[in-house]
$ cat entry-v8.pdb   # PDB, C-alpha atoms
ATOM      1  CA  MET G  15      22.230  16.429 -21.293
ATOM      2  CA  THR G  16      20.245  14.410 -18.761
ATOM      3  CA  ARG G  17      17.819  16.585 -16.844
ATOM      4  CA  LEU G  18      17.129  15.871 -13.177
ATOM      5  CA  LEU G  19      13.988  16.861 -11.323
ATOM      6  CA  THR G  20      13.491  16.613  -7.582
ATOM      7  CA  CYS G  21      10.179  14.968  -6.843
ATOM      8  CA  LEU G  22       8.510  16.728  -3.918
ATOM      9  CA  HIS G  23       6.415  13.642  -3.255
ATOM     10  CA  CYS G  24       9.231  11.215  -2.418
ATOM     11  CA  ARG G  25      12.244  13.605  -2.408
ATOM     12  CA  ARG G  26      14.122  11.548  -5.003
ATOM     13  CA  SER G  27      16.016  12.975  -7.946
ATOM     14  CA  VAL G  28      14.473  11.674 -11.144
ATOM     15  CA  SER G  29      16.182  11.442 -14.516
ATOM     16  CA  VAL G  30      13.512  12.860 -16.805
ATOM     17  CA  ASP G  31      15.188  11.673 -19.994
ATOM     18  CA  ASP G  32      14.768   8.033 -18.924
ATOM     19  CA  ARG G  33      11.068   8.145 -18.149
ATOM     20  CA  ASP G  34       8.585   8.546 -20.975
ATOM     21  CA  SER G  35       5.752   9.009 -18.461
ATOM     22  CA  PHE G  36       7.233  12.320 -17.319
ATOM     23  CA  GLU G  37       6.361  14.310 -20.406
ATOM     24  CA  PRO G  38       5.451  17.976 -19.865
ATOM     25  CA  SER G  39       1.762  18.686 -19.427
ATOM     26  CA  THR G  40      -0.278  20.956 -21.649
ATOM     27  CA  PRO G  41      -1.644  24.151 -20.050
ATOM     28  CA  TRP G  42      -5.155  22.625 -20.115
ATOM     29  CA  GLU G  43      -3.978  19.499 -18.282
ATOM     30  CA  ARG G  44      -2.204  21.574 -15.652
ATOM     31  CA  ASP G  45      -5.375  23.514 -14.949
ATOM     32  CA  TYR G  46      -8.053  20.838 -15.329
ATOM     33  CA  GLY G  47      -6.345  17.457 -15.339
ATOM     34  CA  SER G  48      -6.087  14.609 -17.814
ATOM     35  CA  PRO G  49      -8.573  11.766 -18.397
ATOM     36  CA  THR G  50      -5.696   9.292 -18.504
ATOM     37  CA  PRO G  51      -4.557   7.326 -16.687
ATOM     38  CA  LEU G  52      -7.563   6.391 -14.582
ATOM     39  CA  GLY G  53      -7.098   6.546 -10.822
ATOM     40  CA  VAL G  54      -4.621   8.860  -9.150
ATOM     41  CA  SER G  55      -1.186   9.452 -10.651
ATOM     42  CA  TRP G  56       1.772  11.619  -9.762
ATOM     43  CA  VAL G  57       2.881  14.187 -12.357
ATOM     44  CA  VAL G  58       6.480  14.984 -11.502
ATOM     45  CA  TYR G  59       6.795  17.965 -13.877
ATOM     46  CA  ASP G  60       3.864  19.691 -12.199
ATOM     47  CA  GLN G  61       4.502  18.357  -8.679
ATOM     48  CA  ALA G  62       0.821  17.506  -8.690
ATOM     49  CA  ARG G  63      -1.612  14.622  -8.532
ATOM     50  CA  ASN G  64      -3.922  13.831 -11.415
ATOM     51  CA  PHE G  65      -7.286  12.265 -10.592
ATOM     52  CA  ALA G  66      -9.455  10.533 -13.191
ATOM     53  CA  LEU G  67     -12.742   8.737 -12.537
ATOM     54  CA  PHE G  68     -15.012   6.942 -15.012
ATOM     55  CA  SER G  69     -18.763   7.460 -14.499
ATOM     56  CA  ARG G  70     -20.999   7.418 -17.540
ATOM     57  CA  HIS G  71     -24.139   8.663 -15.789
ATOM     58  CA  ALA G  72     -22.791  10.937 -13.040
ATOM     59  CA  ARG G  73     -24.103  14.480 -13.021
ATOM     60  CA  ARG G  74     -21.973  15.870 -10.188
ATOM     61  CA  VAL G  75     -18.683  14.618  -8.734
ATOM     62  CA  TRP G  76     -16.797  15.762  -5.647
ATOM     63  CA  LEU G  77     -13.201  14.784  -4.842
ATOM     64  CA  GLN G  78     -12.276  14.594  -1.155
ATOM     65  CA  LEU G  79      -8.827  14.441   0.454
ATOM     66  CA  TYR G  80      -8.215  13.143   3.983
ATOM     67  CA  SER G  81      -5.319  13.263   6.420
ATOM     68  CA  ALA G  82      -4.014  10.319   8.390
ATOM     69  CA  GLY G  83      -6.007   9.499  11.508
ATOM     70  CA  ASP G  84      -9.288  11.083  10.377
ATOM     71  CA  ALA G  85     -11.262   9.097   7.821
ATOM     72  CA  ALA G  86     -14.489  10.954   8.580
ATOM     73  CA  THR G  87     -13.750  14.623   7.829
ATOM     74  CA  PRO G  88     -11.990  15.628   4.605
ATOM     75  CA  ILE G  89      -9.376  18.350   4.835
ATOM     76  CA  PHE G  90     -10.119  19.367   1.254
ATOM     77  CA  GLU G  91     -13.078  18.953  -1.103
ATOM     78  CA  THR G  92     -13.632  20.220  -4.604
ATOM     79  CA  GLU G  93     -16.509  19.785  -7.021
ATOM     80  CA  LEU G  94     -15.461  18.891 -10.552
ATOM     81  CA  GLN G  95     -17.009  21.071 -13.244
ATOM     82  CA  PRO G  96     -18.368  19.165 -16.268
ATOM     83  CA  LEU G  97     -17.420  21.899 -18.762
ATOM     84  CA  CYS G  98     -13.703  21.670 -17.952
ATOM     85  CA  ASN G  99     -13.186  18.646 -15.672
ATOM     86  CA  LYS G 100     -14.934  16.074 -17.849
ATOM     87  CA  THR G 101     -13.878  14.339 -21.061
ATOM     88  CA  GLY G 102     -16.546  11.969 -22.370
ATOM     89  CA  PRO G 103     -17.519   9.769 -19.415
ATOM     90  CA  ILE G 104     -14.317  10.539 -17.458
ATOM     91  CA  TRP G 105     -14.180  13.175 -14.721
ATOM     92  CA  HIS G 106     -10.720  14.520 -13.969
ATOM     93  CA  CYS G 107      -8.753  17.206 -12.149
ATOM     94  CA  ARG G 108      -5.180  18.011 -11.194
ATOM     95  CA  LEU G 109      -4.184  19.256  -7.751
ATOM     96  CA  PRO G 110      -0.722  20.583  -6.887
ATOM     97  CA  LEU G 111       0.824  18.944  -3.865
ATOM     98  CA  SER G 112       0.649  22.329  -2.117
ATOM     99  CA  THR G 113      -3.169  22.188  -2.210
ATOM    100  CA  ALA G 114      -3.249  19.700   0.666
ATOM    101  CA  PRO G 115       0.322  18.677   1.540
ATOM    102  CA  THR G 116      -0.764  16.574   4.545
ATOM    103  CA  ALA G 117      -3.369  14.542   2.623
ATOM    104  CA  THR G 118      -2.820  10.780   2.688
ATOM    105  CA  HIS G 119      -6.157   9.379   1.461
ATOM    106  CA  TYR G 120      -8.884  10.256  -1.017
ATOM    107  CA  ALA G 121     -12.438   9.358  -2.035
ATOM    108  CA  TYR G 122     -15.361  10.627  -4.107
ATOM    109  CA  ARG G 123     -18.978  11.603  -3.738
ATOM    110  CA  VAL G 124     -21.144  11.231  -6.837
ATOM    111  CA  ALA G 125     -24.660  12.436  -7.670
ATOM    112  CA  GLY G 126     -26.706  11.162 -10.588
ATOM    113  CA  PRO G 127     -30.093   9.893 -11.718
ATOM    114  CA  GLY G 128     -31.938   7.148  -9.913
ATOM    115  CA  PRO G 129     -31.421   5.334  -6.591
ATOM    116  CA  GLY G 130     -27.991   4.078  -7.597
ATOM    117  CA  PHE G 131     -26.495   7.505  -6.852
ATOM    118  CA  ASP G 132     -26.367   8.933  -3.338
ATOM    119  CA  PRO G 133     -24.127  11.998  -2.927
ATOM    120  CA  ALA G 134     -24.026  11.370   0.829
ATOM    121  CA  LYS G 135     -22.040   8.170   0.287
ATOM    122  CA  ILE G 136     -18.239   8.121   0.360
ATOM    123  CA  LEU G 137     -16.982   6.042  -2.573
ATOM    124  CA  VAL G 138     -13.554   4.444  -2.941
ATOM    125  CA  ASP G 139     -11.885   4.908  -6.309
ATOM    126  CA  PRO G 140     -12.208   1.621  -8.252
ATOM    127  CA  TYR G 141      -8.732   2.300  -9.660
ATOM    128  CA  ALA G 142      -7.109   2.873  -6.241
ATOM    129  CA  LYS G 143      -3.836   0.961  -6.037
ATOM    130  CA  SER G 144      -4.068   0.660  -2.256
ATOM    131  CA  THR G 145      -7.214   0.583  -0.121
ATOM    132  CA  TYR G 146      -7.378   1.826   3.473
ATOM    133  CA  PHE G 147      -9.979   0.417   5.868
ATOM    134  CA  PRO G 148     -10.410   2.754   8.864
ATOM    135  CA  PRO G 149     -10.900   1.237  12.329
ATOM    136  CA  GLU G 150     -14.606   2.193  12.138
ATOM    137  CA  PHE G 151     -15.062   0.500   8.751
ATOM    138  CA  ASP G 152     -18.575  -0.936   8.421
ATOM    139  CA  ARG G 153     -19.685  -2.487   5.144
ATOM    140  CA  ASP G 154     -23.364  -2.231   6.179
ATOM    141  CA  ALA G 155     -23.057   1.566   6.408
ATOM    142  CA  ALA G 156     -22.862   1.689   2.612
ATOM    143  CA  ARG G 157     -26.286   0.039   2.344
ATOM    144  CA  ARG G 158     -28.087   2.148   4.932
ATOM    145  CA  PRO G 159     -29.545   5.574   4.094
ATOM    146  CA  GLY G 160     -27.356   8.561   4.853
ATOM    147  CA  SER G 161     -23.657   9.190   5.026
ATOM    148  CA  ASN G 162     -21.095   6.453   5.624
ATOM    149  CA  ALA G 163     -18.304   8.949   6.399
ATOM    150  CA  GLY G 164     -15.692   7.416   8.667
ATOM    151  CA  ALA G 165     -16.951   3.909   7.943
ATOM    152  CA  ALA G 166     -16.026   3.763   4.245
ATOM    153  CA  PRO G 167     -12.781   2.490   2.699
ATOM    154  CA  LEU G 168     -10.539   5.148   1.157
ATOM    155  CA  GLY G 169      -7.907   5.153  -1.552
ATOM    156  CA  LEU G 170      -4.324   5.774  -0.483
ATOM    157  CA  LEU G 171      -2.315   8.605  -2.047
ATOM    158  CA  ASP G 172       0.815   6.492  -2.522
ATOM    159  CA  ASP G 173       0.929   7.330  -6.188
ATOM    160  CA  CYS G 174       4.540   8.393  -6.771
ATOM    161  CA  VAL G 175       6.394   6.158  -9.246
ATOM    162  CA  CYS G 176       9.859   7.660  -8.821
ATOM    163  CA  GLY G 177      12.267   4.861  -7.984
ATOM    164  CA  HIS G 178       9.837   1.976  -8.441
ATOM    165  CA  GLY G 179      11.970   0.845 -11.374
ATOM    166  CA  GLN G 180      10.901  -0.749 -14.601
ATOM    167  CA  PRO G 181       9.004  -4.055 -14.449
ATOM    168  CA  ARG G 182      10.944  -7.075 -15.550
ATOM    169  CA  PRO G 183       9.532  -9.101 -18.447
ATOM    170  CA  ALA G 184       7.752 -12.311 -17.541
ATOM    171  CA  PRO G 185       9.397 -15.538 -18.699
ATOM    172  CA  ARG G 186       8.191 -16.962 -22.005
ATOM    173  CA  HIS G 187       6.671 -20.433 -21.915
ATOM    174  CA  GLY G 188       6.156 -22.948 -24.662
ATOM    175  CA  SER G 189       3.133 -25.179 -25.069
ATOM    176  CA  GLU G 190       3.998 -27.738 -22.369
ATOM    177  CA  LEU G 191       3.072 -26.022 -19.116
ATOM    178  CA  VAL G 192       2.669 -27.670 -15.732
ATOM    179  CA  ILE G 193       0.321 -25.244 -13.960
ATOM    180  CA  TYR G 194      -0.282 -25.160 -10.209
ATOM    181  CA  GLU G 195      -3.493 -23.271  -9.358
ATOM    182  CA  MET G 196      -3.015 -21.772  -5.936
ATOM    183  CA  HIS G 197      -4.930 -19.924  -3.230
ATOM    184  CA  VAL G 198      -2.302 -17.601  -1.760
ATOM    185  CA  ARG G 199      -3.463 -18.002   1.826
ATOM    186  CA  GLY G 200      -4.520 -21.629   1.658
ATOM    187  CA  PHE G 201      -1.229 -22.808   0.174
ATOM    188  CA  THR G 202       0.851 -22.216   3.321
ATOM    189  CA  CYS G 203      -1.544 -21.357   6.159
ATOM    190  CA  HIS G 204      -1.547 -24.925   7.565
ATOM    191  CA  ASP G 205       1.283 -26.224   9.745
ATOM    192  CA  SER G 206       1.888 -29.018   7.262
ATOM    193  CA  SER G 207       3.365 -26.454   4.839
ATOM    194  CA  GLU G 208       6.334 -26.135   7.233
ATOM    195  CA  VAL G 209       6.424 -22.396   6.608
ATOM    196  CA  ILE G 210       7.294 -20.291   9.646
ATOM    197  CA  ALA G 211       4.245 -18.841  11.393
ATOM    198  CA  ALA G 212       5.133 -15.229  10.493
ATOM    199  CA  LYS G 213       4.967 -16.060   6.762
ATOM    200  CA  ALA G 214       2.157 -18.623   6.760
ATOM    201  CA  GLY G 215      -0.607 -17.737   4.315
ATOM    202  CA  THR G 216       1.316 -14.919   2.630
ATOM    203  CA  PHE G 217       3.167 -14.073  -0.567
ATOM    204  CA  ALA G 218       6.425 -14.478   1.376
ATOM    205  CA  GLY G 219       5.317 -17.967   2.375
ATOM    206  CA  ILE G 220       4.949 -18.912  -1.279
ATOM    207  CA  VAL G 221       8.526 -17.803  -1.936
ATOM    208  CA  GLU G 222       9.720 -20.220   0.754
ATOM    209  CA  LYS G 223       7.940 -23.074  -1.040
ATOM    210  CA  ILE G 224       9.400 -22.432  -4.502
ATOM    211  CA  PRO G 225      11.888 -25.341  -4.149
ATOM    212  CA  TYR G 226       8.937 -27.617  -3.344
ATOM    213  CA  LEU G 227       7.099 -26.451  -6.473
ATOM    214  CA  GLN G 228      10.213 -27.073  -8.543
ATOM    215  CA  GLN G 229      10.519 -30.597  -7.151
ATOM    216  CA  LEU G 230       6.956 -31.236  -8.291
ATOM    217  CA  GLY G 231       7.906 -30.170 -11.822
ATOM    218  CA  VAL G 232       5.668 -27.087 -11.795
ATOM    219  CA  THR G 233       6.537 -24.532 -14.483
ATOM    220  CA  ALA G 234       3.803 -21.931 -13.896
ATOM    221  CA  VAL G 235       1.736 -20.777 -10.924
ATOM    222  CA  GLN G 236      -1.812 -19.484 -11.354
ATOM    223  CA  TRP G 237      -3.038 -17.518  -8.363
ATOM    224  CA  MET G 238      -6.651 -17.322  -7.352
ATOM    225  CA  PRO G 239      -7.735 -13.675  -6.863
ATOM    226  CA  VAL G 240      -5.228 -11.498  -5.018
ATOM    227  CA  PHE G 241      -7.269  -8.286  -5.403
ATOM    228  CA  GLN G 242      -8.368  -6.422  -2.282
ATOM    229  CA  PHE G 243     -11.762  -7.718  -1.166
ATOM    230  CA  ASP G 244     -14.009  -6.685   1.705
ATOM    231  CA  PRO G 245     -12.518  -8.006   4.984
ATOM    232  CA  GLN G 246     -15.988  -8.074   6.585
ATOM    233  CA  GLU G 247     -17.635 -10.069   3.821
ATOM    234  CA  GLY G 248     -16.517 -13.451   5.132
ATOM    235  CA  ASN G 249     -15.261 -14.380   1.662
ATOM    236  CA  TYR G 250     -12.367 -16.840   1.689
ATOM    237  CA  TRP G 251     -11.805 -17.150  -2.046
ATOM    238  CA  GLY G 252     -11.670 -13.478  -3.049
ATOM    239  CA  TYR G 253     -14.021 -13.632  -6.019
ATOM    240  CA  MET G 254     -15.843 -10.444  -4.972
ATOM    241  CA  PRO G 255     -13.050  -7.855  -5.362
ATOM    242  CA  LEU G 256     -13.500  -4.376  -3.935
ATOM    243  CA  SER G 257     -10.408  -2.947  -5.659
ATOM    244  CA  PHE G 258      -9.036  -4.665  -8.746
ATOM    245  CA  PHE G 259      -5.754  -2.723  -8.622
ATOM    246  CA  ALA G 260      -4.956  -3.171  -4.918
ATOM    247  CA  VAL G 261      -3.349  -6.236  -3.342
ATOM    248  CA  HIS G 262      -5.344  -8.005  -0.619
ATOM    249  CA  GLN G 263      -3.580  -6.893   2.552
ATOM    250  CA  ARG G 264      -4.132 -10.141   4.468
ATOM    251  CA  TYR G 265      -1.829 -11.930   2.040
ATOM    252  CA  SER G 266       1.149  -9.908   3.277
ATOM    253  CA  THR G 267       3.330 -10.399   6.340
ATOM    254  CA  ASP G 268       3.034  -6.652   6.988
ATOM    255  CA  PRO G 269      -0.415  -5.003   7.188
ATOM    256  CA  ASP G 270       0.983  -1.769   5.743
ATOM    257  CA  VAL G 271      -0.544  -1.359   2.291
ATOM    258  CA  CYS G 272       2.725  -0.289   0.662
ATOM    259  CA  ALA G 273       4.532  -3.245   2.211
ATOM    260  CA  ALA G 274       1.841  -5.581   0.882
ATOM    261  CA  ARG G 275       2.364  -4.324  -2.640
ATOM    262  CA  GLN G 276       6.129  -4.723  -2.403
ATOM    263  CA  GLU G 277       5.791  -8.249  -1.018
ATOM    264  CA  PHE G 278       3.522  -9.098  -3.938
ATOM    265  CA  ARG G 279       6.096  -7.765  -6.393
ATOM    266  CA  SER G 280       8.915  -9.682  -4.714
ATOM    267  CA  ALA G 281       6.947 -12.923  -4.881
ATOM    268  CA  VAL G 282       6.199 -12.407  -8.585
ATOM    269  CA  ASP G 283       9.882 -11.701  -9.280
ATOM    270  CA  ALA G 284      10.974 -14.786  -7.312
ATOM    271  CA  LEU G 285       8.544 -17.004  -9.208
ATOM    272  CA  HIS G 286       9.716 -15.574 -12.544
ATOM    273  CA  ASP G 287      13.342 -16.183 -11.562
ATOM    274  CA  ALA G 288      12.485 -19.813 -10.746
TER     275      ALA G 288
END
$ encode --input "entry-v8.pdb" --output "structure tokens"
Amino acid sequence: MTRLLTCLHCRRSVSVDDRDSFEPSTPWERDYGSPTPLGVSWVVYDQARNFALFSRHARRVWLQLYSAGDAATPIFETELQPLCNKTGPIWHCRLPLSTAPTATHYAYRVAGPGPGFDPAKILVDPYAKSTYFPPEFDRDAARRPGSNAGAAPLGLLDDCVCGHGQPRPAPRHGSELVIYEMHVRGFTCHDSSEVIAAKAGTFAGIVEKIPYLQQLGVTAVQWMPVFQFDPQEGNYWGYMPLSFFAVHQRYSTDPDVCAARQEFRSAVDALHDA
């Protein structure tokens, strides 16, 4: 019999039998978390979030949760204990949704040996799948002594996978590829692309130009970096990523981080279909 669980995170009913990732947790994992996967993940059986952070030399790690509208003061903070919240070089913990039901963002503080560790600094999770830049974001605050609270990027707690669906397989290519290397923004940001202004320089703009690529005989598109990079760095090309698992928000028609990810997915699907 198919078993259904109601996910408290997104309120969807999930068929447990169809999702291998929803295996029951061990008692140890429920209490202290799992070292895999890295980043933040939603555990539907436990109605909890699992956090996992790699740091080979850290001596102390604090996890902080924030609510929307206040990127300076965490509503919850916990220090991870190395005897139970650490497996090899990975620090981890599991927090039920009821711990901080209004939390929307998260970050870490890390202490360790040498000048490379400053526990006053707010650090974004390198495995965050969406990155939030508060209005007071200041990249120089990370380089100055003292806290950068309120001026640091945060990870977004949009970790529920219920209803995202299974990824479709990419098309298989033979040896004769015609590859178009493309900068997502540069490809359609100019008026000569004839893409409407609302979609110029975005993933959606690329979808509009698929017939043009087909007319050229292109069989594969290679994107230059689409990872989230620092918006204050003045970097056009994106080769200094801040978050390797988050989509650069400027490449989306909608600044909402979840919308940016969905637009990215839709563009990938459209290119695979073509």
$ atom_distance --input "entry-v8.pdb" --atom1 "atom CA of G:Ser257" --atom2 "atom CA of G:Arg44"
27.7 Å
$ resolve_selection --input "entry-v8.pdb" --expression "the PyMOL selection byres ((chain G and resi 193-204) around 6)" --output "VMD selection string"
chain G and resid 191 to 192 205 to 207 214 to 216 234 to 238
$ closest_residue --input "entry-v8.pdb" --among "G:Trp42, G:Arg73, G:Phe243, G:Val54" --to "G:Arg153" --atoms "all atoms listed in the file"
G:Phe243
$ atom_distance --input "entry-v8.pdb" --atom1 "atom CA of G:Arg26" --atom2 "atom CA of G:Arg108"
21.3 Å
$ residues_around --input "entry-v8.pdb" --residues "G:Phe259" --least-positions-apart "2" --cutoff "10 Å" --atoms "all atoms listed in the file" --output "PyMOL selection string"
chain G and resi 53+140-145+240-242+255-257+261-262
$ atom_distance --input "entry-v8.pdb" --atom1 "atom CA of G:Ser48" --atom2 "atom CA of G:Cys107"
6.8 Å
$ resolve_selection --input "entry-v8.pdb" --expression "the PyMOL selection byres ((chain G and resi 150) around 12)" --output "list in words"
Gly83, Asp84, Ala85, Ala86, Tyr146, Phe147, Pro148, Pro149, Phe151, Asp152, Arg153, Asp154, Ala155, Asn162, Ala163, Gly164, Ala165, Ala166, Pro167 and Gln246 of chain G
$ write_last_selection --input "entry-v8.pdb" --atoms "C-alpha atoms" --output "mmCIF file, keeping the file's coordinate frame"
data_model
loop_
_atom_site.group_PDB
_atom_site.id
_atom_site.type_symbol
_atom_site.label_atom_id
_atom_site.label_comp_id
_atom_site.auth_asym_id
_atom_site.auth_seq_id
_atom_site.Cartn_x
_atom_site.Cartn_y
_atom_site.Cartn_z
ATOM 1 C CA GLY G 83 -6.007 9.499 11.508
ATOM 2 C CA ASP G 84 -9.288 11.083 10.377
ATOM 3 C CA ALA G 85 -11.262 9.097 7.821
ATOM 4 C CA ALA G 86 -14.489 10.954 8.580
ATOM 5 C CA TYR G 146 -7.378 1.826 3.473
ATOM 6 C CA PHE G 147 -9.979 0.417 5.868
ATOM 7 C CA PRO G 148 -10.410 2.754 8.864
ATOM 8 C CA PRO G 149 -10.900 1.237 12.329
ATOM 9 C CA PHE G 151 -15.062 0.500 8.751
ATOM 10 C CA ASP G 152 -18.575 -0.936 8.421
ATOM 11 C CA ARG G 153 -19.685 -2.487 5.144
ATOM 12 C CA ASP G 154 -23.364 -2.231 6.179
ATOM 13 C CA ALA G 155 -23.057 1.566 6.408
ATOM 14 C CA ASN G 162 -21.095 6.453 5.624
ATOM 15 C CA ALA G 163 -18.304 8.949 6.399
ATOM 16 C CA GLY G 164 -15.692 7.416 8.667
ATOM 17 C CA ALA G 165 -16.951 3.909 7.943
ATOM 18 C CA ALA G 166 -16.026 3.763 4.245
ATOM 19 C CA PRO G 167 -12.781 2.490 2.699
ATOM 20 C CA GLN G 246 -15.988 -8.074 6.585
#
$ closest_residue --input "entry-v8.pdb" --among "G:Leu168, G:Tyr265, G:Thr233, G:Val221" --to "G:Gly252" --atoms "all atoms listed in the file"
G:Tyr265
$ closest_residue --input "entry-v8.pdb" --among "G:Tyr122, G:Phe258, G:Tyr253, G:Tyr59" --to "G:Val138" --atoms "all atoms listed in the file"
G:Tyr122
$ resolve_selection --input "entry-v8.pdb" --expression "the PyMOL selection byres ((chain G and resi 61-64) around 7)" --output "list in words"
Cys21, Leu22, Gly47, Ser48, Val54, Ser55, Trp56, Val57, Val58, Tyr59, Asp60, Phe65, Ala66, Cys107, Arg108, Leu109, Pro110 and Leu111 of chain G
$ closest_residue --input "entry-v8.pdb" --among "G:Pro115, G:Pro96, G:Gly102, G:Gly160" --to "G:Tyr80" --atoms "all atoms listed in the file"
G:Pro115
$ decode --input "entry-v8.pdb" --residues "stretch 96-168 of chain G" --atoms "C-alpha atoms" --output "CSV table (one decimal), in the first residue's frame"
chain,number,residue,atom,x,y,z
G,96,PRO,CA,32.1,18.0,18.1
G,97,LEU,CA,31.4,14.8,20.1
G,98,CYS,CA,28.0,14.3,18.6
G,99,ASN,CA,27.5,16.9,15.8
G,100,LYS,CA,30.7,16.1,13.9
G,101,THR,CA,31.6,13.2,11.6
G,102,GLY,CA,35.2,13.5,10.3
G,103,PRO,CA,35.5,17.0,8.9
G,104,ILE,CA,31.7,17.5,8.6
G,105,TRP,CA,29.7,19.3,11.2
G,106,HIS,CA,26.0,18.5,11.2
G,107,CYS,CA,22.7,18.9,13.1
G,108,ARG,CA,19.0,18.3,12.6
G,109,LEU,CA,16.4,20.8,13.7
G,110,PRO,CA,12.6,20.1,13.7
G,111,LEU,CA,10.6,22.7,11.9
G,112,SER,CA,9.0,23.5,15.3
G,113,THR,CA,12.4,24.8,16.6
G,114,ALA,CA,12.0,28.0,14.6
G,115,PRO,CA,8.9,27.8,12.4
G,116,THR,CA,9.3,31.4,11.1
G,117,ALA,CA,12.9,31.0,10.0
G,118,THR,CA,13.6,31.8,6.3
G,119,HIS,CA,17.4,32.1,6.2
G,120,TYR,CA,20.5,30.6,7.8
G,121,ALA,CA,24.2,31.1,8.2
G,122,TYR,CA,27.2,30.0,10.3
G,123,ARG,CA,29.8,31.3,12.5
G,124,VAL,CA,33.1,29.4,12.7
G,125,ALA,CA,36.1,29.5,15.1
G,126,GLY,CA,39.4,27.9,14.4
G,127,PRO,CA,43.2,28.3,14.4
G,128,GLY,CA,44.9,31.2,12.7
G,129,PRO,CA,43.6,34.5,11.1
G,130,GLY,CA,41.5,32.7,8.6
G,131,PHE,CA,38.8,32.1,11.3
G,132,ASP,CA,36.9,34.9,12.9
G,133,PRO,CA,33.8,33.8,14.9
G,134,ALA,CA,32.4,37.3,14.6
G,135,LYS,CA,31.9,36.9,10.9
G,136,ILE,CA,28.6,35.6,9.4
G,137,LEU,CA,29.4,33.0,6.8
G,138,VAL,CA,27.0,31.8,4.0
G,139,ASP,CA,26.8,28.1,3.5
G,140,PRO,CA,28.9,27.2,0.4
G,141,TYR,CA,26.3,24.6,-0.4
G,142,ALA,CA,23.3,27.0,-0.2
G,143,LYS,CA,21.0,26.5,-3.1
G,144,SER,CA,19.8,30.1,-3.0
G,145,THR,CA,21.6,33.1,-1.7
G,146,TYR,CA,19.9,36.1,-0.1
G,147,PHE,CA,21.6,39.5,-0.3
G,148,PRO,CA,20.1,41.9,2.3
G,149,PRO,CA,19.5,45.5,1.4
G,150,GLU,CA,22.5,46.4,3.7
G,151,PHE,CA,24.8,43.9,2.0
G,152,ASP,CA,28.4,45.2,1.9
G,153,ARG,CA,31.2,42.9,0.6
G,154,ASP,CA,33.8,45.1,2.3
G,155,ALA,CA,32.3,44.3,5.7
G,156,ALA,CA,33.6,40.7,5.4
G,157,ARG,CA,37.2,42.1,5.2
G,158,ARG,CA,37.1,44.6,8.0
G,159,PRO,CA,37.6,43.5,11.6
G,160,GLY,CA,34.5,42.8,13.7
G,161,SER,CA,31.0,41.5,12.9
G,162,ASN,CA,29.4,41.8,9.4
G,163,ALA,CA,26.0,40.9,10.8
G,164,GLY,CA,23.3,42.5,8.6
G,165,ALA,CA,25.7,43.0,5.8
G,166,ALA,CA,26.5,39.4,4.9
G,167,PRO,CA,24.7,37.2,2.4
G,168,LEU,CA,22.6,34.4,3.9
